[in-house]
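Have a look at upload_31.cif; it's mmCIF, C-alpha atoms (C1' of nucleotides):
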data_start
loop_
_atom_site.label_atom_id
_atom_site.label_comp_id
_atom_site.auth_asym_id
_atom_site.auth_seq_id
_atom_site.Cartn_x
_atom_site.Cartn_y
_atom_site.Cartn_z
CA MET V 23 114.30 86.25 49.03
CA LEU V 24 114.69 86.98 45.36
CA THR V 25 112.45 89.77 44.13
CA LYS V 26 109.78 89.10 41.55
CA LYS V 27 111.87 91.07 39.14
CA SER V 28 114.76 88.63 39.25
CA GLN V 29 112.38 85.68 39.19
CA TYR V 30 110.86 87.17 36.04
CA ALA V 31 114.35 87.64 34.64
CA PHE V 32 115.20 84.00 35.20
CA LYS V 33 111.97 82.86 33.61
CA ALA V 34 112.47 85.06 30.58
CA LEU V 35 116.07 83.97 30.20
CA THR V 36 115.11 80.33 30.46
CA TYR V 37 112.48 80.82 27.81
CA LEU V 38 114.96 82.56 25.53
CA ALA V 39 117.62 79.91 26.10
CA GLU V 40 115.22 77.21 24.98
CA ARG V 41 114.38 79.10 21.80
CA GLN V 42 117.90 80.09 20.86
CA MET V 43 117.66 78.46 17.44
CA ASN V 44 114.39 80.06 16.39
CA GLY V 45 115.82 83.55 16.06
CA PRO V 46 114.58 86.67 17.88
CA VAL V 47 111.68 86.22 20.32
CA LEU V 48 109.03 88.87 20.86
CA ILE V 49 108.74 90.48 24.28
CA SER V 50 105.01 89.93 24.02
CA GLU V 51 105.50 86.22 23.42
CA ILE V 52 107.62 85.85 26.54
CA SER V 53 105.18 88.00 28.47
CA GLU V 54 102.23 85.80 27.52
CA ASN V 55 103.92 82.47 27.97
CA LYS V 56 105.56 83.29 31.26
CA LYS V 57 102.78 85.50 32.60
CA ILE V 58 105.00 88.50 33.12
CA PRO V 59 103.54 92.04 32.89
CA LEU V 60 104.61 93.29 29.45
CA LYS V 61 105.91 96.69 30.41
CA PHE V 62 107.75 95.35 33.41
CA LEU V 63 109.36 92.72 31.21
CA GLU V 64 110.49 95.38 28.73
CA ASN V 65 112.49 97.05 31.48
CA ILE V 66 114.01 93.81 32.61
CA LEU V 67 115.08 92.75 29.13
CA LEU V 68 116.54 96.16 28.48
CA GLU V 69 118.61 95.87 31.62
CA LEU V 70 119.85 92.47 30.50
CA LYS V 71 120.72 93.91 27.14
CA ARG V 72 122.67 96.78 28.70
CA ALA V 73 124.57 94.16 30.67
CA ASP V 74 125.52 92.54 27.35
CA ILE V 75 123.75 89.31 28.14
CA LEU V 76 121.00 89.76 25.58
CA ASP V 77 120.76 91.56 22.30
CA SER V 78 117.77 92.65 20.28
CA LYS V 79 116.53 93.55 16.87
CA LYS V 80 113.85 96.10 16.05
CA GLY V 81 111.12 95.98 13.45
CA LYS V 82 109.41 93.03 11.83
CA GLY V 83 111.11 89.74 12.60
CA GLY V 84 112.73 91.44 15.56
CA GLY V 85 112.82 90.53 19.22
CA TYR V 86 115.27 89.46 21.88
CA PHE V 87 117.97 86.82 21.75
CA PHE V 88 121.13 85.86 23.57
CA LYS V 89 124.24 87.84 22.84
CA VAL V 90 126.43 85.30 24.60
CA ASP V 91 126.19 81.59 25.27
CA PRO V 92 123.72 80.98 28.11
CA ALA V 93 126.18 78.43 29.46
CA SER V 94 128.66 81.24 30.02
CA VAL V 95 126.41 83.28 32.29
CA GLN V 96 126.51 82.39 35.98
CA MET V 97 123.33 82.72 37.98
CA THR V 98 125.16 85.04 40.34
CA LYS V 99 125.47 87.57 37.54
CA ILE V 100 121.71 87.84 37.09
CA ILE V 101 120.97 88.03 40.81
CA ARG V 102 123.54 90.74 41.40
CA LEU V 103 122.44 92.70 38.36
CA ILE V 104 118.75 92.68 39.17
CA ASP V 105 118.55 92.31 42.95
CA GLY V 106 121.96 93.31 44.24
CA PRO V 107 123.79 91.54 47.06
CA ILE V 108 123.60 87.79 47.56
CA ALA V 109 125.04 87.81 51.09
CA MET V 110 122.80 88.15 54.13
CA LEU V 111 124.77 91.10 55.53
CA PRO V 112 126.33 94.10 53.79
CA CYS V 113 129.57 93.61 55.75
CA VAL V 114 129.96 90.18 54.22
CA SER V 115 129.09 91.00 50.64
CA LEU V 116 131.78 90.68 47.99
CA ASN V 117 130.17 92.94 45.40
CA PHE V 118 128.16 95.31 47.57
CA TYR V 119 130.32 95.55 50.65
CA GLU V 120 129.48 98.05 53.37
CA ARG V 121 131.26 98.18 56.66
CA CYS V 122 129.07 97.69 59.69
CA ARG V 123 129.08 100.28 62.39
CA ASN V 124 128.94 99.20 66.03
CA CYS V 125 130.78 95.94 65.56
CA ASP V 126 134.27 94.78 64.86
CA GLU V 127 134.31 92.44 61.89
CA ASN V 128 137.24 90.55 63.36
CA HIS V 129 135.39 89.59 66.50
CA CYS V 130 131.82 89.47 65.31
CA GLY V 131 130.27 86.03 65.46
CA LEU V 132 127.40 87.00 63.22
CA HIS V 133 129.85 88.20 60.61
CA ASP V 134 131.65 84.85 60.65
CA VAL V 135 128.53 82.75 60.27
CA MET V 136 127.17 84.91 57.49
CA LYS V 137 130.46 84.70 55.65
CA GLN V 138 130.19 80.93 55.74
CA VAL V 139 126.65 81.09 54.45
CA ARG V 140 127.77 83.36 51.66
CA ASP V 141 130.56 81.00 50.64
CA ALA V 142 128.30 77.97 50.70
CA THR V 143 125.75 79.83 48.60
CA LEU V 144 128.29 81.02 46.07
CA ALA V 145 129.80 77.56 45.80
CA ILE V 146 126.49 76.46 44.38
CA LEU V 147 125.42 79.49 42.37
CA GLU V 148 128.77 80.06 40.71
CA ASN V 149 128.63 76.58 39.28
CA ARG V 150 125.26 77.09 37.69
CA THR V 151 124.60 78.92 34.49
CA LEU V 152 121.51 79.94 32.57
CA ALA V 153 121.90 76.76 30.54
CA ASP V 154 121.11 74.72 33.64
CA LEU V 155 117.69 76.25 34.05
CA LYS V 156 115.20 74.18 32.15
CA ASP V 157 111.59 74.67 33.07
CA MET W 94 119.57 90.28 53.10
CA LEU W 95 118.62 90.28 56.73
CA THR W 96 116.52 93.28 57.73
CA LYS W 97 117.84 95.78 60.22
CA LYS W 98 115.26 94.46 62.62
CA SER W 99 116.79 91.00 62.74
CA GLN W 100 120.28 92.44 62.86
CA TYR W 101 119.19 94.48 65.86
CA ALA W 102 117.69 91.34 67.36
CA PHE W 103 120.96 89.47 67.02
CA LYS W 104 122.92 92.32 68.54
CA ALA W 105 120.58 92.62 71.47
CA LEU W 106 120.57 88.87 72.04
CA THR W 107 124.35 88.74 71.90
CA TYR W 108 124.55 91.53 74.43
CA LEU W 109 122.11 89.75 76.72
CA ALA W 110 123.90 86.43 76.35
CA GLU W 111 127.13 88.01 77.50
CA ARG W 112 125.45 89.49 80.56
CA GLN W 113 123.47 86.44 81.59
CA MET W 114 125.01 86.38 85.08
CA ASN W 115 124.39 90.02 85.92
CA GLY W 116 120.63 89.68 86.14
CA PRO W 117 118.06 91.66 84.15
CA VAL W 118 119.38 94.19 81.63
CA LEU W 119 117.63 97.46 80.87
CA ILE W 120 116.26 98.03 77.36
CA SER W 121 117.86 101.45 77.49
CA GLU W 122 121.25 99.96 78.29
CA ILE W 123 121.08 97.68 75.27
CA SER W 124 119.79 100.53 73.15
CA GLU W 125 122.71 102.78 74.07
CA ASN W 126 125.43 100.19 73.83
CA LYS W 127 124.26 98.68 70.59
CA LYS W 128 122.98 101.91 69.05
CA ILE W 129 119.51 100.60 68.48
CA PRO W 130 116.54 103.01 68.48
CA LEU W 131 114.94 102.52 71.90
CA LYS W 132 111.34 102.18 70.85
CA PHE W 133 112.19 99.89 67.98
CA LEU W 134 114.16 97.72 70.36
CA GLU W 135 111.23 97.52 72.76
CA ASN W 136 109.13 95.95 70.03
CA ILE W 137 111.84 93.51 69.10
CA LEU W 138 112.43 92.36 72.66
CA LEU W 139 108.73 91.97 73.23
CA GLU W 140 108.52 89.76 70.17
CA LEU W 141 111.37 87.65 71.51
CA LYS W 142 109.61 87.40 74.84
CA ARG W 143 106.38 86.27 73.23
CA ALA W 144 108.40 83.59 71.45
CA ASP W 145 109.58 82.39 74.87
CA ILE W 146 113.21 83.12 74.16
CA LEU W 147 113.50 86.03 76.57
CA ASP W 148 111.74 86.91 79.77
CA SER W 149 111.46 90.21 81.60
CA LYS W 150 110.84 91.81 84.94
CA LYS W 151 109.13 95.14 85.52
CA GLY W 152 109.98 97.85 87.99
CA LYS W 153 113.24 98.75 89.68
CA GLY W 154 115.91 96.14 89.13
CA GLY W 155 113.91 94.91 86.18
CA GLY W 156 114.88 94.39 82.56
CA TYR W 157 115.27 91.60 80.05
CA PHE W 158 117.04 88.27 80.41
CA PHE W 159 117.12 84.88 78.76
CA LYS W 160 114.30 82.49 79.54
CA VAL W 161 116.17 79.58 77.97
CA ASP W 162 119.82 78.72 77.46
CA PRO W 163 121.19 80.79 74.56
CA ALA W 164 122.98 77.63 73.42
CA SER W 165 119.60 76.02 72.81
CA VAL W 166 118.36 78.66 70.38
CA GLN W 167 119.31 78.13 66.75
CA MET W 168 119.97 81.17 64.61
CA THR W 169 117.30 79.95 62.21
CA LYS W 170 114.69 80.51 64.90
CA ILE W 171 115.49 84.20 65.19
CA ILE W 172 115.64 84.80 61.45
CA ARG W 173 112.33 83.06 60.84
CA LEU W 174 110.68 84.83 63.74
CA ILE W 175 111.76 88.33 62.79
CA ASP W 176 112.31 88.22 59.03
CA GLY W 177 110.44 85.19 57.82
CA PRO W 178 111.71 82.81 55.15
CA ILE W 179 115.35 81.89 54.81
CA ALA W 180 115.04 80.37 51.35
CA MET W 181 115.46 82.47 48.21
CA LEU W 182 112.15 81.36 46.74
CA PRO W 183 108.76 80.77 48.39
CA CYS W 184 108.37 77.45 46.56
CA VAL W 185 111.50 76.18 48.28
CA SER W 186 110.83 77.41 51.79
CA LEU W 187 110.29 74.85 54.54
CA ASN W 188 108.49 77.15 56.97
CA PHE W 189 106.87 79.65 54.62
CA TYR W 190 106.14 77.50 51.61
CA GLU W 191 104.06 78.87 48.75
CA ARG W 192 103.53 77.06 45.50
CA CYS W 193 104.72 78.88 42.41
CA ARG W 194 102.35 79.46 39.58
CA ASN W 195 103.56 79.11 35.98
CA CYS W 196 106.15 76.49 36.70
CA ASP W 197 106.23 72.85 37.59
CA GLU W 198 108.38 72.27 40.66
CA ASN W 199 109.38 68.87 39.38
CA HIS W 200 110.96 70.23 36.22
CA CYS W 201 112.04 73.68 37.30
CA GLY W 202 115.78 74.19 37.27
CA LEU W 203 115.59 77.33 39.35
CA HIS W 204 113.67 75.43 41.97
CA ASP W 205 116.35 72.75 42.17
CA VAL W 206 119.23 75.16 42.54
CA MET W 207 117.46 77.21 45.16
CA LYS W 208 116.66 74.09 47.12
CA GLN W 209 120.35 73.27 47.20
CA VAL W 210 121.17 76.77 48.36
CA ARG W 211 118.57 76.47 51.08
CA ASP W 212 119.99 73.18 52.31
CA ALA W 213 123.54 74.49 52.31
CA THR W 214 122.42 77.55 54.24
CA LEU W 215 120.46 75.58 56.79
CA ALA W 216 123.33 73.15 57.27
CA ILE W 217 125.29 76.08 58.63
CA LEU W 218 122.63 78.04 60.46
CA GLU W 219 121.06 75.09 62.20
CA ASN W 220 124.38 74.29 63.79
CA ARG W 221 124.81 77.76 65.22
CA THR W 222 123.13 79.06 68.31
CA LEU W 223 122.97 82.39 70.06
CA ALA W 224 125.83 81.20 72.26
CA ASP W 225 128.12 81.23 69.22
CA LEU W 226 127.64 84.93 68.62
CA LYS W 227 130.26 86.82 70.52
CA ASP W 228 130.86 90.39 69.47
"C1'" DT O 168 106.10 105.25 4.00
"C1'" DA O 169 103.36 102.44 6.91
"C1'" DT O 170 103.90 98.97 10.12
"C1'" DT O 171 106.31 96.51 13.38
"C1'" DA O 172 108.85 96.14 17.53
"C1'" DG O 173 112.19 97.63 20.75
"C1'" DT O 174 113.83 102.19 23.66
"C1'" DC O 175 113.72 105.64 27.01
"C1'" DT O 176 112.26 108.12 30.85
"C1'" DA O 177 108.97 109.31 33.98
"C1'" DT O 178 105.52 108.40 37.10
"C1'" DC O 179 102.47 105.94 40.20
"C1'" DA O 180 100.79 102.74 43.63
"C1'" DA O 181 101.33 99.30 46.96
"C1'" DA O 182 103.90 97.01 50.24
"C1'" DA O 183 107.48 96.46 53.42
"C1'" DA O 184 110.82 98.30 56.54
"C1'" DA O 185 112.17 101.49 59.99
"C1'" DA O 186 111.10 104.46 63.40
"C1'" DT O 187 108.22 107.01 66.73
"C1'" DA O 188 104.22 108.30 69.81
"C1'" DT O 189 101.22 107.71 73.58
"C1'" DA O 190 98.79 105.76 77.07
"C1'" DC O 191 98.89 101.84 80.20
"C1'" DT O 192 100.29 98.19 83.74
"C1'" DA O 193 103.21 95.79 87.00
"C1'" DT O 194 106.71 96.03 90.51
"C1'" DC O 195 109.69 97.92 93.76
"C1'" DT O 196 111.06 101.33 97.35
"C1'" DT O 197 110.21 104.29 101.02
"C1'" DA J 218 99.81 104.00 100.04
"C1'" DA J 219 102.61 107.10 97.04
"C1'" DG J 220 105.88 107.74 93.77
"C1'" DA J 221 109.27 106.17 90.75
"C1'" DT J 222 110.90 102.63 87.75
"C1'" DA J 223 110.60 99.90 83.78
"C1'" DG J 224 108.30 96.94 80.69
"C1'" DT J 225 103.51 96.43 77.71
"C1'" DA J 226 100.45 97.36 74.07
"C1'" DT J 227 98.83 99.52 69.99
"C1'" DA J 228 98.73 102.76 66.68
"C1'" DT J 229 100.60 105.87 63.60
"C1'" DT J 230 103.98 107.87 60.67
"C1'" DT J 231 107.80 108.10 57.55
"C1'" DT J 232 110.90 106.27 54.29
"C1'" DT J 233 112.40 102.99 51.07
"C1'" DT J 234 111.77 99.36 47.96
"C1'" DT J 235 109.14 96.82 44.91
"C1'" DG J 236 106.05 96.15 41.32
"C1'" DA J 237 103.67 98.01 37.65
"C1'" DT J 238 102.22 101.35 34.04
"C1'" DA J 239 102.15 105.31 30.62
"C1'" DG J 240 103.43 107.62 26.59
"C1'" DA J 241 106.31 109.53 23.36
"C1'" DC J 242 110.32 108.11 20.55
"C1'" DT J 243 113.53 105.45 17.35
"C1'" DA J 244 115.14 101.81 14.25
"C1'" DA J 245 114.27 98.26 10.93
"C1'" DT J 246 111.77 96.14 7.40
"C1'" DA J 247 108.48 95.14 3.66
#
Translate this file's structure into structure tokens.
Amino acid sequence: MLTKKSQYAFKALTYLAERQMNGPVLISEISENKKIPLKFLENILLELKRADILDSKKGKGGGYFFKVDPASVQMTKIIRLIDGPIAMLPCVSLNFYERCRNCDENHCGLHDVMKQVRDATLAILENRTLADLKD
Amino acid sequence: MLTKKSQYAFKALTYLAERQMNGPVLISEISENKKIPLKFLENILLELKRADILDSKKGKGGGYFFKVDPASVQMTKIIRLIDGPIAMLPCVSLNFYERCRNCDENHCGLHDVMKQVRDATLAILENRTLADLKD
DNA sequence: TATTAGTCTATCAAAAAAATATACTATCTT
DNA sequence: AAGATAGTATATTTTTTTGATAGACTAATA
């Protein structure tokens, strides 16, 4: 399951993507429209800014906006940034790999199945970008 | 990510599947061999018994054993029993569905993608049973 | 220089996950 | 029938993660 945090992130990003042309968007506007707790949203947007996906401007007329083309950001990037691993087991994760104790990855049936699930999942998510998420 | 609890469940079930012929297996034997906290394992096995996957015998010569053919139990059954939903969003879950507020499922891009991920995942997991998990 | 709006860091609360404790019941052996 | 074996049933505790909030600070603009 995705956490609420990453769901909020996707909603906020979708909102921003749709308003690309209108210049910077206020955190408070996103918060109200998408029903996301303001302070929580601040943290999320900041994280997305630090990851160079968004940028922001302070003061009057300020707000958040995309630093890069939404179509260039894979969904996997957001999930991994906010939630962490996409795979169902640490020993099968590409970006957050951890070896599993008590079982040999070469002969572990669970490992094999979960690797297949991971690949099937990535095949879909890597072909989707933030531009594909219209609400 | 699967919880440790369901990972433990899979390990224990694999161990039991491999020892089908030898009669009932002690909880303590599984616990030691698979390095699963004994008391935690007791709860897990009990849950699997209540779900009619395992059965048990008390007293000397007792222990746990399969009630049904391991080949007849899909992996999805275990995951849903122990962890709950397989889907990445509640609004896309078949067995634990919850409607999402603040977005229309018919026009939500996130919804669509996650539905595809769910289907791809299930396509794999529904074709695997406990008999496929050799360690 | 006042106002606007994002930044930073810390903290808190609630929920979920992981583990443990304790008393009880059924079954087998002698 | 007694004693040992081994699962049953609940409850509690601890730890981690998630979700949310607070408050002081900084940059930009009019």
Residue among W:Lys104, W:Lys98, W:Lys153, W:Leu109 lying closest to chain V, counting only C-alpha atoms
W:Lys104
Compute the chain O side of the contact with chain W at 7 Å, counting only C-alpha atoms (C1' of nucleotides), and hand it back as a ChimeraX atom specification.
/O:186,193-195
Quick one: apply the PyMOL selection byres ((chain J) within 8 of (chain V)) to the file and drop the selected residues here as a PyMOL selection string.
chain J and resi 235-238+244-246
Find the residues of chain W in contact range of chain V, meaning any atom within 6 Å when counting only C-alpha atoms, and list them as a list in words.
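Residues of chain W within 6 Å of chain V, counting only C-alpha atoms: Met94, Leu95, Met181, Leu182, His200, Cys201, Gly202, Leu203, Val210, Thr214, Leu226, Lys227 and Asp228 of chain W.
Picture a line from atom CA of Ile175 of chain W to atom CA of Ser99 of chain W; it runs 5.7 Å.
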Let me know the residues the PyMOL selection byres ((chain J and resi 240-243) around 8) catches in the file above, as an MDAnalysis selection string.
(chainID O and resid 174:175) or (chainID J and resid 239 244)
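The residues that lie within 12 Å of the point (129.0, 84.9, 31.2), counting all atoms listed in the file, are Leu70, Ala73, Asp74, Ile75, Leu76, Phe88, Lys89, Val90, Asp91, Pro92, Ala93, Ser94, Val95, Gln96, Met97, Thr98, Lys99, Ile100, Glu148, Asn149, Arg150, Thr151, Leu152 and Ala153 of chain V.
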Output, as lines of an AutoDock Vina configuration file, the centre and edge lengths in Å (one decimal) of the axis-aligned box that contains all listed atoms of segment 178-195 of chain W with 4 Å of margin on each side.
center_x = 108.9
center_y = 78.8
center_z = 46.5
size_x = 21.1
size_y = 16.0
size_z = 29.0
List the residues selected by the PyMOL selection byres ((chain J and resi 230) around 10) in the file shown, writing them as a PyMOL selection string.
(chain O and resi 186-188) or (chain J and resi 228-229+231-232)
Just want the 12 Å neighbourhood of DA226 of chain J, counted on all atoms listed in the file, with same-chain residues fewer than 2 positions away dropped. Output as a count of residues only.
10
What is the atom CA of Arg143 of chain W-atom CA of Leu106 of chain W distance in Å, reported with one decimal?
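Separation between atom CA of Arg143 of chain W and atom CA of Leu106 of chain W: 14.5 Å.
Atom CA of Tyr86 of chain V sits 12.1 Å away from atom CA of Ser53 of chain V.
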Given only C-alpha atoms as the basis, pick out the residue of W:Ile120, W:Leu138, W:Ile172, W:Met114 nearest to Asn188 of chain W.
W:Ile172
Limit the output to N, CA and C atoms and give segment 62-73 of chain V as a PDB file, in the first residue's frame.
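Writing the result to selection_27.pdb gives the following:
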ATOM      1  N   PHE V  62       1.488  19.400   6.599  1.00  0.00           N
ATOM      2  CA  PHE V  62       1.979  18.136   6.060  1.00  0.00           C
ATOM      3  C   PHE V  62       2.388  18.342   4.606  1.00  0.00           C
ATOM      4  N   LEU V  63       1.565  19.075   3.887  1.00  0.00           N
ATOM      5  CA  LEU V  63       1.835  19.346   2.479  1.00  0.00           C
ATOM      6  C   LEU V  63       3.124  20.146   2.308  1.00  0.00           C
ATOM      7  N   GLU V  64       3.359  21.089   3.205  1.00  0.00           N
ATOM      8  CA  GLU V  64       4.592  21.882   3.145  1.00  0.00           C
ATOM      9  C   GLU V  64       5.812  20.970   3.118  1.00  0.00           C
ATOM     10  N   ASN V  65       5.797  19.993   4.020  1.00  0.00           N
ATOM     11  CA  ASN V  65       6.921  19.055   4.107  1.00  0.00           C
ATOM     12  C   ASN V  65       7.092  18.259   2.818  1.00  0.00           C
ATOM     13  N   ILE V  66       5.980  17.820   2.298  1.00  0.00           N
ATOM     14  CA  ILE V  66       6.010  17.010   1.087  1.00  0.00           C
ATOM     15  C   ILE V  66       6.585  17.811  -0.087  1.00  0.00           C
ATOM     16  N   LEU V  67       6.086  19.031  -0.240  1.00  0.00           N
ATOM     17  CA  LEU V  67       6.532  19.853  -1.365  1.00  0.00           C
ATOM     18  C   LEU V  67       8.012  20.194  -1.239  1.00  0.00           C
ATOM     19  N   LEU V  68       8.426  20.396  -0.006  1.00  0.00           N
ATOM     20  CA  LEU V  68       9.836  20.702   0.236  1.00  0.00           C
ATOM     21  C   LEU V  68      10.716  19.532  -0.183  1.00  0.00           C
ATOM     22  N   GLU V  69      10.242  18.352   0.143  1.00  0.00           N
ATOM     23  CA  GLU V  69      10.969  17.137  -0.230  1.00  0.00           C
ATOM     24  C   GLU V  69      11.054  17.010  -1.748  1.00  0.00           C
ATOM     25  N   LEU V  70       9.986  17.360  -2.409  1.00  0.00           N
ATOM     26  CA  LEU V  70       9.962  17.280  -3.874  1.00  0.00           C
ATOM     27  C   LEU V  70      10.848  18.360  -4.493  1.00  0.00           C
ATOM     28  N   LYS V  71      10.958  19.451  -3.782  1.00  0.00           N
ATOM     29  CA  LYS V  71      11.850  20.509  -4.257  1.00  0.00           C
ATOM     30  C   LYS V  71      13.305  20.072  -4.102  1.00  0.00           C
ATOM     31  N   ARG V  72      13.619  19.487  -2.941  1.00  0.00           N
ATOM     32  CA  ARG V  72      14.989  19.034  -2.695  1.00  0.00           C
ATOM     33  C   ARG V  72      15.395  17.960  -3.700  1.00  0.00           C
ATOM     34  N   ALA V  73      14.394  17.252  -4.217  1.00  0.00           N
ATOM     35  CA  ALA V  73      14.673  16.209  -5.207  1.00  0.00           C
ATOM     36  C   ALA V  73      14.704  16.788  -6.614  1.00  0.00           C
TER      37      ALA V  73
END
